[in-house]
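K.L.:
Provided below: target.txt, containing compact mmCIF, C-alpha atoms and all ligand atoms.
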```txt
# COMPACT_ATOMS: atom_id res chain seq x y z
CA MET D 705 -10.31 -19.85 14.88
CA PRO D 706 -13.54 -19.48 16.88
CA GLY D 707 -16.29 -17.44 15.32
CA SER D 708 -14.73 -17.07 11.90
CA ASP D 709 -15.62 -18.64 8.62
CA LEU D 710 -12.64 -18.61 6.34
CA SER D 711 -13.22 -21.58 4.14
CA GLY D 712 -15.74 -22.44 1.48
CA SER D 713 -17.37 -20.06 -0.93
CA GLY D 714 -20.56 -18.93 0.76
CA GLU D 715 -21.54 -15.62 2.31
CA GLY D 716 -18.75 -14.39 4.56
CA ALA D 717 -16.13 -16.29 2.63
CA ALA D 718 -15.96 -14.51 -0.70
CA SER D 719 -12.52 -14.64 -2.22
CA GLY D 720 -11.37 -11.28 -3.50
CA VAL D 721 -13.91 -8.87 -4.85
CA ARG D 722 -15.98 -8.92 -7.98
CA LYS D 723 -17.10 -5.46 -8.80
CA ALA D 724 -19.43 -4.59 -11.61
CA ARG D 725 -18.43 -1.31 -13.24
CA GLY D 726 -20.76 1.51 -12.31
CA SER D 727 -22.13 -0.32 -9.30
CA PRO D 728 -19.71 0.34 -6.51
CA ASP D 729 -20.04 -0.96 -2.97
CA THR D 730 -21.13 -4.43 -4.03
CA THR D 731 -19.35 -7.67 -3.37
CA GLU D 732 -20.47 -11.03 -4.52
CA PRO D 733 -19.14 -14.35 -3.32
CA VAL D 734 -17.25 -15.79 -6.23
CA VAL D 735 -16.69 -19.40 -7.21
CA MET D 736 -13.07 -20.26 -7.93
CA SER D 737 -11.96 -21.40 -11.33
CA ASN D 738 -8.89 -23.46 -12.14
CA ASN D 739 -8.00 -21.47 -15.21
CA TYR D 740 -4.88 -19.68 -14.01
CA ASP D 741 -2.64 -17.46 -16.07
CA TRP D 742 0.62 -18.82 -14.70
CA LEU D 743 2.89 -16.54 -16.68
CA SER D 744 1.28 -13.43 -15.23
CA LEU D 745 1.72 -14.85 -11.72
CA LYS D 746 5.45 -15.42 -12.27
CA PRO D 747 7.49 -13.11 -10.03
CA PRO D 748 9.45 -10.54 -12.06
CA GLU D 749 13.23 -10.69 -11.72
CA PRO D 750 14.53 -7.54 -9.99
CA THR D 751 16.76 -5.23 -11.97
CA PRO D 752 20.03 -4.06 -10.36
CA ALA D 753 18.44 -0.60 -10.04
CA GLN D 754 15.79 -2.04 -7.74
CA CYS D 755 18.30 -3.05 -5.09
CA CYS D 756 18.49 -0.34 -2.42
CA GLY D 757 22.13 -1.15 -1.73
CA GLY D 758 21.42 -1.09 2.00
CA GLY D 759 22.54 -4.67 2.65
CA CYS D 760 18.97 -5.72 3.54
CA SER D 761 18.40 -9.20 4.88
CA PRO D 762 16.68 -10.78 3.12
CA CYS D 763 17.72 -8.81 0.06
CA ILE D 764 15.39 -8.30 -2.91
CA TYR D 765 17.25 -11.06 -4.81
CA ASP D 766 16.77 -13.55 -1.94
CA GLN D 767 13.07 -12.73 -1.95
CA TYR D 768 12.92 -13.16 -5.72
CA ARG D 769 14.56 -16.61 -5.54
CA THR D 770 12.13 -17.71 -2.81
CA GLN D 771 9.16 -16.38 -4.77
CA LEU D 772 10.35 -18.06 -7.96
CA ASP D 773 10.76 -21.36 -6.15
CA LEU D 774 7.23 -21.06 -4.77
CA TRP D 775 5.89 -20.13 -8.18
CA GLU D 776 7.53 -23.16 -9.80
CA LYS D 777 6.12 -25.50 -7.15
CA ALA D 778 2.69 -23.89 -7.34
CA LYS D 779 2.67 -24.23 -11.12
CA GLU D 780 3.67 -27.86 -10.85
CA ARG D 781 0.71 -28.48 -8.50
CA ASP D 782 -1.61 -26.14 -10.37
CA ASP D 783 -2.31 -24.52 -7.00
CA PRO D 784 -1.87 -20.73 -6.84
CA ASN D 785 -2.77 -20.70 -3.13
CA PHE D 786 0.63 -22.21 -2.64
CA LEU D 787 2.08 -18.86 -3.72
CA GLN D 788 0.65 -17.12 -0.70
CA LYS D 789 2.78 -19.20 1.68
CA ASN D 790 5.51 -16.64 1.53
CA LYS D 791 4.01 -13.35 2.66
CA PRO D 792 6.71 -10.74 2.05
CA GLN D 793 7.30 -8.99 5.34
CA GLU D 794 7.99 -5.28 4.85
CA THR D 795 8.84 -4.54 8.48
CA GLU D 796 8.44 -6.38 11.78
CA ASP D 797 4.75 -5.55 12.02
CA THR D 798 3.73 -4.98 8.40
CA GLY D 799 3.38 -7.44 5.57
CA ARG D 800 2.28 -7.44 1.95
CA TYR D 801 -0.70 -9.73 1.58
CA ARG D 802 -1.61 -11.04 -1.83
CA PHE D 803 -5.18 -11.97 -2.73
CA ARG D 804 -5.99 -13.99 -5.79
CA LEU D 805 -8.84 -12.76 -7.93
CA PRO D 806 -11.16 -15.20 -9.60
CA SER D 807 -10.24 -15.80 -13.21
CA GLY D 808 -11.64 -13.23 -15.63
CA THR D 809 -12.29 -10.56 -13.01
CA SER D 810 -10.46 -7.42 -11.98
CA LEU D 811 -10.90 -5.05 -9.08
CA GLY D 812 -11.55 -2.09 -11.35
CA LEU D 813 -10.31 0.15 -8.58
CA GLN D 814 -9.59 3.79 -9.32
CA LEU D 815 -6.48 5.45 -8.01
CA GLY D 816 -6.58 6.03 -4.28
CA GLN D 817 -9.73 4.02 -3.74
CA HIS D 818 -9.85 1.55 -0.90
CA LEU D 819 -11.66 -1.65 0.01
CA VAL D 820 -13.24 -2.74 3.26
CA LEU D 821 -12.19 -6.04 4.78
CA ARG D 822 -14.69 -7.91 6.87
CA GLY D 823 -13.52 -10.09 9.74
CA VAL D 824 -15.09 -11.85 12.68
CA ILE D 825 -13.50 -11.68 16.12
CA ASP D 826 -15.07 -13.49 19.08
CA GLY D 827 -18.30 -13.73 17.12
CA ALA D 828 -18.47 -10.00 16.42
CA GLU D 829 -18.05 -8.52 12.97
CA VAL D 830 -15.18 -6.11 12.40
CA GLN D 831 -14.72 -3.98 9.29
CA ARG D 832 -11.63 -1.97 8.41
CA ALA D 833 -10.46 -0.08 5.33
CA TYR D 834 -7.33 -1.08 3.40
CA THR D 835 -5.89 0.32 0.18
CA PRO D 836 -4.54 -2.05 -2.47
CA ILE D 837 -1.04 -1.06 -3.54
CA THR D 838 -1.20 -2.82 -6.92
CA PRO D 839 -2.77 -1.21 -10.00
CA GLY D 840 -6.57 -1.48 -9.89
CA GLY D 841 -6.89 -3.01 -13.35
CA ARG D 842 -4.80 -6.10 -12.60
CA LYS D 843 -6.73 -9.27 -13.34
CA THR D 844 -4.96 -11.98 -11.37
CA HIS D 845 -4.37 -10.65 -7.89
CA PHE D 846 -4.08 -7.59 -5.72
CA GLU D 847 -1.78 -6.75 -2.84
CA VAL D 848 -2.43 -4.93 0.39
CA LEU D 849 0.06 -3.59 2.89
CA ILE D 850 -1.32 -4.50 6.33
CA LYS D 851 0.10 -3.30 9.61
CA ILE D 852 -0.57 -5.59 12.57
CA TYR D 853 -1.32 -3.79 15.84
CA ALA D 854 -0.71 -5.61 19.13
CA GLN D 855 -4.24 -4.91 20.41
CA GLY D 856 -5.94 -4.32 17.07
CA LEU D 857 -9.14 -6.21 16.37
CA MET D 858 -8.70 -6.73 12.64
CA SER D 859 -5.04 -7.40 13.37
CA ARG D 860 -6.11 -10.41 15.44
CA PHE D 861 -8.18 -11.65 12.52
CA VAL D 862 -5.35 -11.15 10.00
CA ARG D 863 -2.85 -12.91 12.28
CA CYS D 864 -4.99 -16.04 12.02
CA TRP D 865 -4.93 -16.21 8.23
CA ARG D 866 -3.46 -19.28 6.63
CA PRO D 867 -2.47 -19.64 2.98
CA GLY D 868 -5.49 -20.57 0.92
CA ASP D 869 -8.03 -18.97 3.29
CA SER D 870 -10.80 -16.94 1.69
CA VAL D 871 -11.65 -13.53 3.04
CA SER D 872 -14.40 -11.08 2.38
CA TRP D 873 -13.73 -7.69 0.80
CA ARG D 874 -16.20 -5.10 -0.38
CA GLY D 875 -15.81 -1.88 -2.25
CA PRO D 876 -14.45 0.17 -3.85
CA PHE D 877 -14.94 3.22 -1.65
CA GLY D 878 -13.80 6.81 -1.73
CA GLY D 879 -10.99 7.90 -3.89
CA PHE D 880 -9.02 10.68 -5.27
CA LEU D 881 -9.73 10.99 -8.94
CA TYR D 882 -6.39 11.36 -10.65
CA LYS D 883 -6.25 12.32 -14.30
CA PRO D 884 -2.94 12.46 -16.23
CA ASN D 885 -1.63 16.02 -16.50
CA LYS D 886 -4.54 17.43 -14.50
CA PHE D 887 -2.09 18.80 -11.94
CA GLY D 888 1.33 20.26 -12.68
CA GLU D 889 2.73 18.56 -9.62
CA VAL D 890 1.36 16.26 -6.93
CA LEU D 891 2.85 16.54 -3.46
CA LEU D 892 2.25 13.30 -1.56
CA LEU D 893 2.67 13.49 2.22
CA CYS D 894 2.32 10.16 3.99
CA SER D 895 3.20 8.38 7.19
CA GLY D 896 3.23 4.66 7.92
CA THR D 897 0.73 2.64 5.91
CA GLY D 898 -0.60 5.98 4.65
CA MET D 899 1.89 5.29 1.87
CA ALA D 900 -0.56 2.72 0.42
CA PRO D 901 -2.77 5.02 -1.73
CA MET D 902 0.29 6.92 -2.94
CA LEU D 903 1.94 3.87 -4.54
CA PRO D 904 -0.58 3.22 -7.35
CA ILE D 905 -0.64 6.96 -8.08
CA ILE D 906 3.14 7.10 -8.55
CA SER D 907 3.10 3.92 -10.66
CA HIS D 908 0.33 5.35 -12.77
CA VAL D 909 2.31 8.54 -13.45
CA THR D 910 5.56 6.77 -14.31
CA ASP D 911 3.90 4.02 -16.37
CA ASP D 912 2.27 6.58 -18.65
CA GLU D 913 4.78 8.19 -20.99
CA GLU D 914 2.30 10.92 -21.86
CA ASP D 915 1.85 11.93 -18.24
CA GLU D 916 4.23 14.75 -17.38
CA THR D 917 3.00 15.36 -13.85
CA PHE D 918 5.80 16.01 -11.37
CA VAL D 919 5.64 13.95 -8.21
CA THR D 920 7.13 14.85 -4.84
CA LEU D 921 6.69 12.12 -2.25
CA VAL D 922 7.49 12.72 1.42
CA VAL D 923 7.63 9.46 3.36
CA CYS D 924 7.45 9.66 7.16
CA ALA D 925 8.54 6.73 9.28
CA GLN D 926 10.09 6.16 12.68
CA ASP D 927 13.38 5.02 11.21
CA PHE D 928 14.89 3.80 7.95
CA ARG D 929 14.19 0.16 8.86
CA ASN D 930 10.48 0.98 8.99
CA VAL D 931 10.25 2.55 5.55
CA TYR D 932 8.02 0.32 3.44
CA MET D 933 8.58 -0.57 -0.20
CA LYS D 934 12.16 0.70 -0.36
CA ASN D 935 12.99 -1.08 -3.59
CA PHE D 936 9.90 0.20 -5.33
CA LEU D 937 10.60 3.74 -4.11
CA LYS D 938 14.21 3.60 -5.20
CA GLU D 939 13.15 2.55 -8.68
CA GLN D 940 10.50 5.27 -8.89
CA GLY D 941 12.92 7.91 -7.63
CA ARG D 942 15.00 7.42 -10.80
CA PHE D 943 12.26 8.83 -13.00
CA TRP D 944 12.90 12.40 -14.16
CA ASN D 945 9.63 13.66 -12.70
CA VAL D 946 9.76 11.93 -9.30
CA ARG D 947 11.60 13.06 -6.18
CA ILE D 948 11.36 11.40 -2.80
CA PHE D 949 12.18 12.66 0.69
CA TYR D 950 12.34 10.61 3.88
CA VAL D 951 11.51 12.13 7.26
CA LEU D 952 12.57 9.83 10.10
CA SER D 953 11.33 10.70 13.57
CA ARG D 954 13.41 8.31 15.66
CA GLU D 955 16.50 7.70 13.54
CA GLN D 956 19.54 8.81 15.52
CA SER D 957 21.84 9.78 12.68
CA LEU D 958 21.78 10.04 8.91
CA ASP D 959 25.00 8.02 8.99
CA ASN D 960 22.82 4.95 9.73
CA LEU D 961 21.31 5.26 6.26
CA PRO D 962 22.83 3.98 3.00
CA SER D 963 24.70 6.93 1.52
CA SER D 964 22.34 7.29 -1.45
CA TYR D 965 19.51 8.17 0.94
CA ARG D 966 21.25 10.74 3.13
CA GLU D 967 20.85 13.75 0.87
CA ASN D 968 17.06 13.34 0.67
CA SER D 969 16.44 12.43 4.30
CA LYS D 970 15.70 14.50 7.36
CA LEU D 971 15.73 13.51 11.01
CA GLY D 972 12.71 14.52 13.09
CA ARG D 973 9.28 15.42 11.80
CA ILE D 974 7.81 17.48 8.99
CA ASP D 975 7.87 21.05 10.27
CA SER D 976 7.00 24.33 8.62
CA ILE D 977 10.61 25.04 7.59
CA PHE D 978 10.97 21.70 5.85
CA LEU D 979 7.53 21.86 4.25
CA ALA D 980 8.11 25.44 3.09
CA LYS D 981 11.31 24.32 1.37
CA VAL D 982 9.55 21.39 -0.28
CA LEU D 983 6.78 23.68 -1.52
CA GLU D 984 9.23 26.32 -2.74
CA THR D 985 11.17 23.75 -4.73
CA CYS D 986 8.11 22.20 -6.35
CA ARG D 987 8.54 22.71 -10.04
CA ARG D 988 4.90 23.59 -10.59
CA LYS D 989 1.97 24.58 -8.39
CA PRO D 990 1.38 21.46 -6.31
CA TYR D 991 -1.82 19.67 -5.45
CA THR D 992 -1.24 17.95 -2.10
CA LEU D 993 -2.48 14.52 -1.00
CA VAL D 994 -2.16 13.61 2.67
CA CYS D 995 -2.51 10.13 4.19
CA GLY D 996 -1.61 8.89 7.64
CA SER D 997 -2.99 8.86 11.17
CA VAL D 998 -5.64 11.38 12.17
CA SER D 999 -3.04 13.52 13.98
CA PHE D 1000 -0.65 13.37 11.01
CA THR D 1001 -3.42 14.50 8.66
CA GLN D 1002 -4.43 17.32 11.01
CA ASP D 1003 -0.81 18.48 11.42
CA MET D 1004 -0.13 18.44 7.69
CA THR D 1005 -3.35 20.25 6.82
CA HIS D 1006 -2.59 22.88 9.45
CA LEU D 1007 0.98 23.40 8.19
CA LEU D 1008 -0.08 23.51 4.54
CA LYS D 1009 -2.67 26.18 5.28
CA GLN D 1010 -0.18 28.15 7.35
CA LEU D 1011 2.07 28.09 4.29
CA GLY D 1012 -0.62 29.52 2.05
CA GLN D 1013 -2.08 26.39 0.49
CA ASP D 1014 -5.85 26.54 0.25
CA ASP D 1015 -8.45 23.81 0.76
CA SER D 1016 -8.97 23.39 -2.96
CA SER D 1017 -5.38 22.20 -3.37
CA ILE D 1018 -5.36 19.67 -0.51
CA PHE D 1019 -6.95 16.22 -0.40
CA SER D 1020 -6.82 14.00 2.72
CA PHE D 1021 -7.50 10.31 2.39
C1 LIG D 1101 -9.32 4.89 3.94
C2 LIG D 1101 -8.40 4.05 4.81
C3 LIG D 1101 -7.45 3.26 4.23
C4 LIG D 1101 -6.60 2.48 5.03
N1 LIG D 1101 -5.63 1.72 4.41
C5 LIG D 1101 -4.81 0.95 5.20
C6 LIG D 1101 -3.81 0.12 4.58
O1 LIG D 1101 -3.64 0.09 3.35
N2 LIG D 1101 -3.03 -0.62 5.41
C7 LIG D 1101 -3.18 -0.62 6.79
O2 LIG D 1101 -2.45 -1.33 7.49
N3 LIG D 1101 -4.14 0.15 7.37
C8 LIG D 1101 -4.96 0.91 6.62
N4 LIG D 1101 -5.93 1.65 7.22
C9 LIG D 1101 -6.14 1.49 8.70
C10 LIG D 1101 -6.99 0.24 8.95
O3 LIG D 1101 -8.28 0.43 8.42
C11 LIG D 1101 -7.17 -0.09 10.44
O4 LIG D 1101 -7.62 1.04 11.11
C12 LIG D 1101 -5.90 -0.58 11.09
O5 LIG D 1101 -5.41 -1.71 10.40
C13 LIG D 1101 -6.11 -0.97 12.54
O6 LIG D 1101 -7.12 -1.92 12.61
P1 LIG D 1101 -7.25 -2.94 13.81
O7 LIG D 1101 -8.67 -3.40 13.84
O8 LIG D 1101 -6.19 -3.98 13.75
O9 LIG D 1101 -6.95 -2.04 15.09
P2 LIG D 1101 -8.03 -1.33 16.03
O10 LIG D 1101 -8.73 -2.35 16.85
O11 LIG D 1101 -8.86 -0.40 15.24
O12 LIG D 1101 -7.02 -0.53 16.95
C14 LIG D 1101 -6.29 0.57 16.40
C15 LIG D 1101 -5.24 1.02 17.40
O13 LIG D 1101 -5.77 1.14 18.70
C16 LIG D 1101 -5.04 0.29 19.59
N5 LIG D 1101 -6.00 -0.33 20.50
C17 LIG D 1101 -6.99 -1.17 20.20
N6 LIG D 1101 -7.64 -1.55 21.31
C18 LIG D 1101 -7.04 -0.92 22.35
C19 LIG D 1101 -7.24 -0.87 23.74
N7 LIG D 1101 -8.23 -1.59 24.31
N8 LIG D 1101 -6.43 -0.11 24.49
C20 LIG D 1101 -5.45 0.63 23.91
N9 LIG D 1101 -5.21 0.64 22.61
C21 LIG D 1101 -5.98 -0.13 21.83
C22 LIG D 1101 -4.41 -0.75 18.72
O14 LIG D 1101 -3.24 -1.31 19.30
C23 LIG D 1101 -4.07 0.05 17.56
O15 LIG D 1101 -2.92 0.81 17.83
C24 LIG D 1101 -6.75 2.47 6.45
C25 LIG D 1101 -7.74 3.27 7.04
C26 LIG D 1101 -8.55 4.06 6.24
C27 LIG D 1101 -9.60 4.92 6.92
```
Using the file provided, produce a representation of the structure as structure tokens.
P.N.:
Amino acid sequence: MPGSDLSGSGEGAASGVRKARGSPDTTEPVVMSNNYDWLSLKPPEPTPAQCCGGGCSPCIYDQYRTQLDLWEKAKERDDPNFLQKNKPQETEDTGRYRFRLPSGTSLGLQLGQHLVLRGVIDGAEVQRAYTPITPGGRKTHFEVLIKIYAQGLMSRFVRCWRPGDSVSWRGPFGGFLYKPNKFGEVLLLCSGTGMAPMLPIISHVTDDEEDETFVTLVVCAQDFRNVYMKNFLKEQGRFWNVRIFYVLSREQSLDNLPSSYRENSKLGRIDSIFLAKVLETCRRKPYTLVCGSVSFTQDMTHLLKQLGQDDSSIFSF
């Protein structure tokens, strides 16, 4: 691709991010090592509970078999880049991209923090923020949900990626500092890829047996087909302290959804009646996190304030 430098290990081609604790905002180019922890890279077999039952094609089990096949071949060749050949596609325009971290390093990302990806398009540098959806402490790889926009600049750069390319990330930046049991309940309002920072927060709550925070997640999407991470959400929704609602702006009928989703789904947009009901049924006083487009964030903040929530109980990513 003209103007880009995706191979090698010099400046502009760092693979992943190496972040020294206490010194954020630094990225160093990192030299690859061949010391891979193959077992930790092995794809986990889905449990029956992870299947959304929606007759997806490919289904989570098809994806698992493909991933396992790739893992076995990669292991045989001792080449983890081979694993990246199958980028799981979440929707038509959004994929989950996996980046291998150099051996012995971890992102050290705190919940809700994001990274900045650097790309070069037509000789000009482009930087955009993306939020890893995998836990920040993971040592082998991290995953990012990236939406490709038809005219988007970084989208053009991402479209040119090939398995094994190296890309430059820096960070971490920003962040919502979550502490177990700090809030009685967290209300997570997100639209589109705004779901990204919410995912590690939910995982963190449900992975920690001592954490009794209630979680209410409201996922906004155009239609059911465009809801990301359905299997993950279905699994999380089974925890006693997690409830999930879907608000679908362009879905014609709830009958188009698998029956298990209908009760917790609403057609249209989040309005004050819906949000008031969600707030009323929170089991404890909620702290609200909002992530989505600028207009989504403005709308949600406006509605929340109208419904009596004050600034100190709202955080917008
Ligand atoms: C803190 C933070 C975290 C984020 N996390 C994520 C994440 O996890 N995943 C994710 O996918 N995104 C995330 N984003 C958004 C991401 O940073 C980018 O803004 C997004 O990917 C679009 O980048 P782009 O360069 O491809 O598009 P841009 O070039 O910035 O274009 C954005 C939009 O404008 C349109 N557009 C561009 N040029 C024109 C034109 N000439 N005429 C008309 N329309 C045009 C594009 O089609 C697109 O709809 C995050 C943003 C922030 C601030």
K.L.:
When you count all atoms listed in the file, which of these residues is closest to Gly868 (chain D): D:Asp783, D:Cys986, D:Val946, D:Asp927?
P.N.:
D:Asp783
K.L.:
Give me, as JSON lines, each residue of chain D that comes within 10 Å of ligand LIG 1101 (chain D), together with its shortest interatomic pair and the distance in Å at one decimal, counting all atoms listed in the file, with rows ordered by chain and rising residue number.
P.N.:
```
{"residue": "D:Asp797", "atom": "CA", "partner": "D:LIG1101", "partner_atom": "O2", "distance": 9.5}
{"residue": "D:Thr798", "atom": "CA", "partner": "D:LIG1101", "partner_atom": "O2", "distance": 7.2}
{"residue": "D:Gly799", "atom": "CA", "partner": "D:LIG1101", "partner_atom": "O2", "distance": 8.7}
{"residue": "D:Arg800", "atom": "CA", "partner": "D:LIG1101", "partner_atom": "N2", "distance": 9.3}
{"residue": "D:Gly816", "atom": "CA", "partner": "D:LIG1101", "partner_atom": "C1", "distance": 8.7}
{"residue": "D:Gln817", "atom": "CA", "partner": "D:LIG1101", "partner_atom": "C1", "distance": 7.7}
{"residue": "D:His818", "atom": "CA", "partner": "D:LIG1101", "partner_atom": "C1", "distance": 5.9}
{"residue": "D:Leu819", "atom": "CA", "partner": "D:LIG1101", "partner_atom": "C3", "distance": 7.7}
{"residue": "D:Val820", "atom": "CA", "partner": "D:LIG1101", "partner_atom": "O3", "distance": 7.8}
{"residue": "D:Leu821", "atom": "CA", "partner": "D:LIG1101", "partner_atom": "O3", "distance": 8.4}
{"residue": "D:Gly823", "atom": "CA", "partner": "D:LIG1101", "partner_atom": "O7", "distance": 9.2}
{"residue": "D:Ile825", "atom": "CA", "partner": "D:LIG1101", "partner_atom": "O7", "distance": 9.9}
{"residue": "D:Val830", "atom": "CA", "partner": "D:LIG1101", "partner_atom": "O7", "distance": 7.2}
{"residue": "D:Gln831", "atom": "CA", "partner": "D:LIG1101", "partner_atom": "O7", "distance": 7.6}
{"residue": "D:Arg832", "atom": "CA", "partner": "D:LIG1101", "partner_atom": "O3", "distance": 4.1}
{"residue": "D:Ala833", "atom": "CA", "partner": "D:LIG1101", "partner_atom": "O3", "distance": 3.8}
{"residue": "D:Tyr834", "atom": "CA", "partner": "D:LIG1101", "partner_atom": "N1", "distance": 3.4}
{"residue": "D:Thr835", "atom": "CA", "partner": "D:LIG1101", "partner_atom": "O1", "distance": 3.9}
{"residue": "D:Pro836", "atom": "CA", "partner": "D:LIG1101", "partner_atom": "O1", "distance": 6.3}
{"residue": "D:Ile837", "atom": "CA", "partner": "D:LIG1101", "partner_atom": "O1", "distance": 7.5}
{"residue": "D:Glu847", "atom": "CA", "partner": "D:LIG1101", "partner_atom": "O1", "distance": 9.4}
{"residue": "D:Val848", "atom": "CA", "partner": "D:LIG1101", "partner_atom": "O1", "distance": 6.0}
{"residue": "D:Leu849", "atom": "CA", "partner": "D:LIG1101", "partner_atom": "N2", "distance": 5.0}
{"residue": "D:Ile850", "atom": "CA", "partner": "D:LIG1101", "partner_atom": "O2", "distance": 3.6}
{"residue": "D:Lys851", "atom": "CA", "partner": "D:LIG1101", "partner_atom": "O2", "distance": 3.9}
{"residue": "D:Ile852", "atom": "CA", "partner": "D:LIG1101", "partner_atom": "O8", "distance": 6.0}
{"residue": "D:Tyr853", "atom": "CA", "partner": "D:LIG1101", "partner_atom": "O14", "distance": 4.7}
{"residue": "D:Ala854", "atom": "CA", "partner": "D:LIG1101", "partner_atom": "O14", "distance": 5.0}
{"residue": "D:Gln855", "atom": "CA", "partner": "D:LIG1101", "partner_atom": "O14", "distance": 3.9}
{"residue": "D:Gly856", "atom": "CA", "partner": "D:LIG1101", "partner_atom": "O9", "distance": 3.2}
{"residue": "D:Leu857", "atom": "CA", "partner": "D:LIG1101", "partner_atom": "O7", "distance": 3.8}
{"residue": "D:Met858", "atom": "CA", "partner": "D:LIG1101", "partner_atom": "O7", "distance": 3.5}
{"residue": "D:Ser859", "atom": "CA", "partner": "D:LIG1101", "partner_atom": "O8", "distance": 3.6}
{"residue": "D:Arg860", "atom": "CA", "partner": "D:LIG1101", "partner_atom": "O8", "distance": 6.6}
{"residue": "D:Phe861", "atom": "CA", "partner": "D:LIG1101", "partner_atom": "O8", "distance": 8.0}
{"residue": "D:Val862", "atom": "CA", "partner": "D:LIG1101", "partner_atom": "O8", "distance": 8.1}
{"residue": "D:Arg863", "atom": "CA", "partner": "D:LIG1101", "partner_atom": "O8", "distance": 9.6}
{"residue": "D:Phe877", "atom": "CA", "partner": "D:LIG1101", "partner_atom": "C1", "distance": 8.1}
{"residue": "D:Gly878", "atom": "CA", "partner": "D:LIG1101", "partner_atom": "C1", "distance": 7.5}
{"residue": "D:Gly879", "atom": "CA", "partner": "D:LIG1101", "partner_atom": "C1", "distance": 8.6}
{"residue": "D:Gly896", "atom": "CA", "partner": "D:LIG1101", "partner_atom": "O2", "distance": 8.3}
{"residue": "D:Thr897", "atom": "CA", "partner": "D:LIG1101", "partner_atom": "N2", "distance": 5.0}
{"residue": "D:Gly898", "atom": "CA", "partner": "D:LIG1101", "partner_atom": "C5", "distance": 6.6}
{"residue": "D:Met899", "atom": "CA", "partner": "D:LIG1101", "partner_atom": "O1", "distance": 7.7}
{"residue": "D:Ala900", "atom": "CA", "partner": "D:LIG1101", "partner_atom": "O1", "distance": 5.0}
{"residue": "D:Pro901", "atom": "CA", "partner": "D:LIG1101", "partner_atom": "O1", "distance": 7.1}
{"residue": "D:Cys995", "atom": "CA", "partner": "D:LIG1101", "partner_atom": "C3", "distance": 8.5}
{"residue": "D:Gly996", "atom": "CA", "partner": "D:LIG1101", "partner_atom": "C24", "distance": 8.3}
{"residue": "D:Ser997", "atom": "CA", "partner": "D:LIG1101", "partner_atom": "C9", "distance": 8.4}
{"residue": "D:Val998", "atom": "CA", "partner": "D:LIG1101", "partner_atom": "C27", "distance": 9.2}
{"residue": "D:Ser1020", "atom": "CA", "partner": "D:LIG1101", "partner_atom": "C1", "distance": 9.5}
{"residue": "D:Phe1021", "atom": "CA", "partner": "D:LIG1101", "partner_atom": "C1", "distance": 5.9}
```
K.L.:
Grab the CA of Leu993 (chain D) to CA of Leu1008 (chain D) distance for me, in Å with one decimal place.
P.N.:
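Those two atoms sit 10.8 Å apart.
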K.L.:
Would you kindly return, as JSON, numbers by chain, each protein, DNA or RNA residue with an atom no farther than 9 Å from any atom of region 962-964 of chain D, considering all atoms listed in the file and excluding same-chain residues fewer than 2 positions away?
P.N.:
{"D": [756, 757, 758, 759, 958, 959, 960, 966, 967, 968]}
K.L.:
What is the CA of Gln1002 (chain D) to CA of Arg947 (chain D) distance in Å?
P.N.:
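Rounded to one decimal, the two atoms are 23.9 Å apart.
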K.L.:
Which residue, D:Gly841, D:Pro867, D:Gly827, D:Pro990, has the smallest gap to Leu892 (chain D) when you use all atoms listed in the file?
P.N.:
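Going through D:Gly841, D:Pro867, D:Gly827, D:Pro990 one by one, the smallest distance to Leu892 (chain D) is for D:Pro990.
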K.L.:
Considering only C-alpha atoms, state which residue in the set D:Tyr801, D:Pro750, D:Thr844, D:Lys981 is at the smallest distance from Cys763 (chain D).
P.N.:
D:Pro750
K.L.:
Please list, as a ChimeraX atom specification, the residues that have an atom at most 10 Å away from (12.6, 12.4, 13.6) in the coordinates of this file, counting all atoms listed in the file.
P.N.:
/D:924-927,950-957,970-974
K.L.:
Give me, please, the distance in Å between CA of Thr770 (chain D) and CA of Pro806 (chain D), quoted to one decimal.
P.N.:
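So the answer is 24.4 Å.
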K.L.:
So, counting only C-alpha atoms, which residue among D:Asp911, D:Asp869, D:Glu916, D:Asp1003 is closest to Asn885 (chain D)?
P.N.:
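Closest residue, counting only C-alpha atoms: D:Glu916.
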K.L.:
Of the candidates D:Cys755, D:Val890, D:Leu979, D:Leu903, which one gets nearest to Tyr932 (chain D) if we count all atoms listed in the file?
P.N.:
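Comparing D:Cys755, D:Val890, D:Leu979, D:Leu903 against Tyr932 (chain D), the winner is D:Leu903.
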K.L.:
Of the candidates D:Phe846, D:Met902, D:Ser872, D:Ala980, which one gets nearest to Glu829 (chain D) if we count all atoms listed in the file?
P.N.:
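Answer, going by the shortest atom-to-atom distance: D:Ser872.
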K.L.:
From (9.6, 4.9, -7.5), in the file's coordinates, out to 10 Å: which residues are reached, counting all atoms listed in the file? Answer as a count of residues only.
P.N.:
21
